[in-house]
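Q: Supplied in structure tokens, the structure appears directly below.
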Amino acid sequence: MLQVNVFISMLTRLSKRKKTMLCIVIGLLISLGMYRCWLHYIPIDVTNNDVFLQGLPKILDGLRIVQLSDIHLGPYVPEDLVNRAVDIANRCNPDIAVLTGDYTSISSDYVDKCMEIMAKLKPKHGIFLVPGNHDYLLGIQAFREAVSKHGLELIMNSSREVVPGLYMVGIDDETEGHPDADRAFKGVPTDSAAVVITHEPSTIRFIKDRDMLVLTGHTHGGQIGIPFITREFITRSYGYRAGWYRIGKKQLYVNRGIGFSGRVAFRFRCNPEVSVFILHPAKD
């Protein structure tokens, strides 16, 4: 009780200016604490999508692909948020896991830890990933080494037949890398089912028109969802914002991501997302 009285006495002797500054500091500390709590409890949405693909063998009907994007692990995106996303993805019982770029955003010091967490994904047929613009800016060599160390499969301008009749195609980042769609599709039969992963949705313009699923991220869905304004700004800047788009025969999905960049370390009306795609043979 004596300590409380002493503290109150000290406050009464402070000038008006110092009291104002103290209130501001206390308010900032409370806000920071609330922000850190919010990061630990922000909801992660799961979006389930049925996709019909030409060339998909009937035996693969129901195959499940889970996508994570734009992790941005670092000072503003805590490990437990990323671990929660991975746990949710595993509960979706994936056959294949894909990661579409931007694993850190502040320092390459976080890339090894991010890949360690991504390696906790438990799909039946492998984890496939491509780099994003931040992965180049922070050091593509450190990124490559972390991917290799933790046993993930990087597909940059290349493809892989994951299961008979289904090809995973990876295209490099458009802004900082060297996307080459023709090279990526080399060896992919035209009558087979193809799933493309690339970081930026605008990369779709380099891909020849054929029935396929294209999974991307990059936009964070706008991250701060102000009605009308966010949609207008993001679509004007990037061409696509979030969710489904149809470009000719191509089916494009833009994932909202898990984290956020250091420039805008906040989300509003735009929750992190784990997206799930259940594949089916196209209907005749």
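Chain identifiers are assigned as A, B, and so on, following the order in which chains appear in the structure tokens; residues are numbered from 1 within each chain, and ligands are numbered from 1 in order of appearance.
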Any chance you could list, as a compact mmCIF listing (two decimals) with C-alpha atoms, in the first residue's frame, the residues in region 149-272 of chain A that come up strand (DSSP E) when DSSP is run on the backbone?

A:
# COMPACT_ATOMS: atom_id res chain seq x y z
CA GLU A 153 11.26 -29.85 -53.27
CA LEU A 154 11.90 -26.60 -55.10
CA SER A 158 10.45 -27.16 -64.05
CA SER A 159 7.87 -29.87 -63.56
CA ARG A 160 7.41 -33.16 -61.80
CA GLU A 161 4.91 -35.98 -62.33
CA VAL A 162 3.84 -36.36 -58.71
CA VAL A 163 1.53 -39.29 -59.34
CA LEU A 166 -0.78 -35.43 -62.56
CA TYR A 167 2.06 -32.96 -63.07
CA MET A 168 3.16 -30.24 -60.68
CA VAL A 169 4.63 -27.28 -62.59
CA GLY A 170 6.62 -24.51 -60.88
CA ALA A 193 -3.63 -32.83 -65.70
CA ALA A 194 -1.42 -29.93 -64.61
CA VAL A 195 -1.27 -27.86 -61.44
CA VAL A 196 0.93 -24.76 -61.67
CA ILE A 197 2.44 -23.00 -58.65
CA MET A 212 -5.08 -26.28 -65.69
CA LEU A 213 -5.13 -25.10 -62.09
CA VAL A 214 -2.81 -22.18 -61.25
CA LEU A 215 -2.11 -21.49 -57.55
CA THR A 216 -0.58 -18.15 -56.50
CA GLY A 243 -9.98 -16.11 -54.70
CA TRP A 244 -11.01 -17.46 -58.12
CA TYR A 245 -10.45 -16.07 -61.61
CA ARG A 246 -10.98 -17.66 -65.01
CA ILE A 247 -8.55 -16.70 -67.79
CA LYS A 250 -6.98 -21.57 -66.99
CA GLN A 251 -8.37 -21.66 -63.45
CA LEU A 252 -6.47 -19.21 -61.22
CA TYR A 253 -6.62 -19.08 -57.44
CA VAL A 254 -5.02 -16.28 -55.38

Q: Pull the alpha helix (DSSP H) assignments for region 25-130 of chain A out of DSSP run on the backbone, and list those residues as a PyMOL selection string.

A: chain A and resi 25-41+79-91+111-118

Q: Output C-alpha atoms for every residue in that selection, as a PDB file, in the first residue's frame.

A:
ATOM      1  CA  VAL A  25       3.949   5.478 -23.321  1.00  0.00           C
ATOM      2  CA  ILE A  26       1.571   3.406 -21.201  1.00  0.00           C
ATOM      3  CA  GLY A  27      -0.975   3.406 -24.027  1.00  0.00           C
ATOM      4  CA  LEU A  28       1.654   2.228 -26.514  1.00  0.00           C
ATOM      5  CA  LEU A  29       2.785  -0.571 -24.193  1.00  0.00           C
ATOM      6  CA  ILE A  30      -0.800  -1.737 -23.693  1.00  0.00           C
ATOM      7  CA  SER A  31      -1.434  -1.576 -27.453  1.00  0.00           C
ATOM      8  CA  LEU A  32       1.736  -3.568 -28.146  1.00  0.00           C
ATOM      9  CA  GLY A  33       0.695  -6.222 -25.644  1.00  0.00           C
ATOM     10  CA  MET A  34      -2.791  -6.447 -27.158  1.00  0.00           C
ATOM     11  CA  TYR A  35      -1.261  -6.657 -30.656  1.00  0.00           C
ATOM     12  CA  ARG A  36       0.997  -9.547 -29.670  1.00  0.00           C
ATOM     13  CA  CYS A  37      -1.988 -11.365 -28.141  1.00  0.00           C
ATOM     14  CA  TRP A  38      -3.990 -10.757 -31.310  1.00  0.00           C
ATOM     15  CA  LEU A  39      -1.226 -12.341 -33.392  1.00  0.00           C
ATOM     16  CA  HIS A  40      -1.486 -15.512 -31.345  1.00  0.00           C
ATOM     17  CA  TYR A  41      -5.266 -15.799 -31.720  1.00  0.00           C
ATOM     18  CA  GLU A  79       6.326 -18.932 -35.010  1.00  0.00           C
ATOM     19  CA  ASP A  80       3.163 -20.104 -33.276  1.00  0.00           C
ATOM     20  CA  LEU A  81       0.983 -18.459 -35.957  1.00  0.00           C
ATOM     21  CA  VAL A  82       2.916 -20.345 -38.641  1.00  0.00           C
ATOM     22  CA  ASN A  83       2.809 -23.573 -36.636  1.00  0.00           C
ATOM     23  CA  ARG A  84      -0.960 -23.181 -36.270  1.00  0.00           C
ATOM     24  CA  ALA A  85      -1.288 -22.836 -40.032  1.00  0.00           C
ATOM     25  CA  VAL A  86       0.733 -26.019 -40.564  1.00  0.00           C
ATOM     26  CA  ASP A  87      -1.333 -27.906 -37.983  1.00  0.00           C
ATOM     27  CA  ILE A  88      -4.532 -26.800 -39.715  1.00  0.00           C
ATOM     28  CA  ALA A  89      -3.122 -27.842 -43.098  1.00  0.00           C
ATOM     29  CA  ASN A  90      -2.241 -31.289 -41.749  1.00  0.00           C
ATOM     30  CA  ARG A  91      -5.751 -31.720 -40.360  1.00  0.00           C
ATOM     31  CA  VAL A 111      14.369 -18.671 -43.566  1.00  0.00           C
ATOM     32  CA  ASP A 112      15.878 -21.790 -41.969  1.00  0.00           C
ATOM     33  CA  LYS A 113      13.299 -21.739 -39.153  1.00  0.00           C
ATOM     34  CA  CYS A 114      10.485 -21.223 -41.666  1.00  0.00           C
ATOM     35  CA  MET A 115      11.575 -24.242 -43.727  1.00  0.00           C
ATOM     36  CA  GLU A 116      11.908 -26.273 -40.540  1.00  0.00           C
ATOM     37  CA  ILE A 117       8.261 -25.500 -39.753  1.00  0.00           C
ATOM     38  CA  MET A 118       7.141 -26.138 -43.351  1.00  0.00           C
TER      39      MET A 118
END

Q: Please report, as a tab-separated table, each residue of region 94-146 of chain A lying at most 8 Å from region 175-180 of chain A, together with the nearest pair of atoms and the separation in Å rounded to one decimal; use only C-alpha atoms, and order rows by chain and ascending residue number.

A:
residue	atom	partner	partner_atom	distance
A:Gly132	CA	A:Glu176	CA	7.9
A:Asn133	CA	A:Glu176	CA	5.4
A:Tyr136	CA	A:Glu176	CA	6.2
A:Leu137	CA	A:Glu176	CA	7.5

Q: Leaving out Thr190 (chain A) and any residue of its chain fewer than 2 positions from it, which residues lie within 12 Å of it when counting only C-alpha atoms, given as a list in words?

A: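 Everything that qualifies: Gln54, Gly55, Leu56, Gly165, Leu166, Tyr167, Phe185, Lys186, Gly187, Val188, Ser192, Ala193, Ala194, Lys208, Asp209, Arg210, Asp211 and Met212 of chain A.
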
Q: If you keep C-alpha atoms, can you produce a file of those selected residues as a compact mmCIF listing (two decimals), in the first residue's frame?

A:
# COMPACT_ATOMS: atom_id res chain seq x y z
CA GLN A 54 -9.17 -32.22 -67.92
CA GLY A 55 -6.88 -35.23 -68.12
CA LEU A 56 -7.09 -36.14 -64.44
CA GLY A 165 -1.25 -38.51 -64.79
CA LEU A 166 -0.78 -35.43 -62.56
CA TYR A 167 2.06 -32.96 -63.07
CA PHE A 185 6.03 -27.18 -69.22
CA LYS A 186 8.69 -29.01 -71.21
CA GLY A 187 7.91 -32.71 -70.95
CA VAL A 188 4.38 -32.20 -69.64
CA SER A 192 -2.33 -34.75 -68.72
CA ALA A 193 -3.63 -32.83 -65.70
CA ALA A 194 -1.42 -29.93 -64.61
CA LYS A 208 -0.21 -20.92 -72.83
CA ASP A 209 -3.95 -21.43 -72.66
CA ARG A 210 -4.95 -24.94 -71.65
CA ASP A 211 -7.11 -26.41 -68.92
CA MET A 212 -5.08 -26.28 -65.69

Q: Would you mind listing what lies within 7 Å of Gly217 (chain A) as a list of chain:residue names, with only C-alpha atoms counted and same-chain residues fewer than 2 positions away left out?

A: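 The residues that qualify are A:Ser69, A:Asp70, A:Thr100, A:His199, A:Glu200, A:Pro201, A:Thr219, A:His220, A:Val254, A:Asn255, A:Arg256, A:Gly257.
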
Q: Give the answer as one residue: which of A:Val147, A:Val77, A:Ile140, A:Leu129 has the shortest atom-to-atom distance to Phe266 (chain A), using only C-alpha atoms?

A: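 Comparing A:Val147, A:Val77, A:Ile140, A:Leu129 against Phe266 (chain A), the winner is A:Val77.
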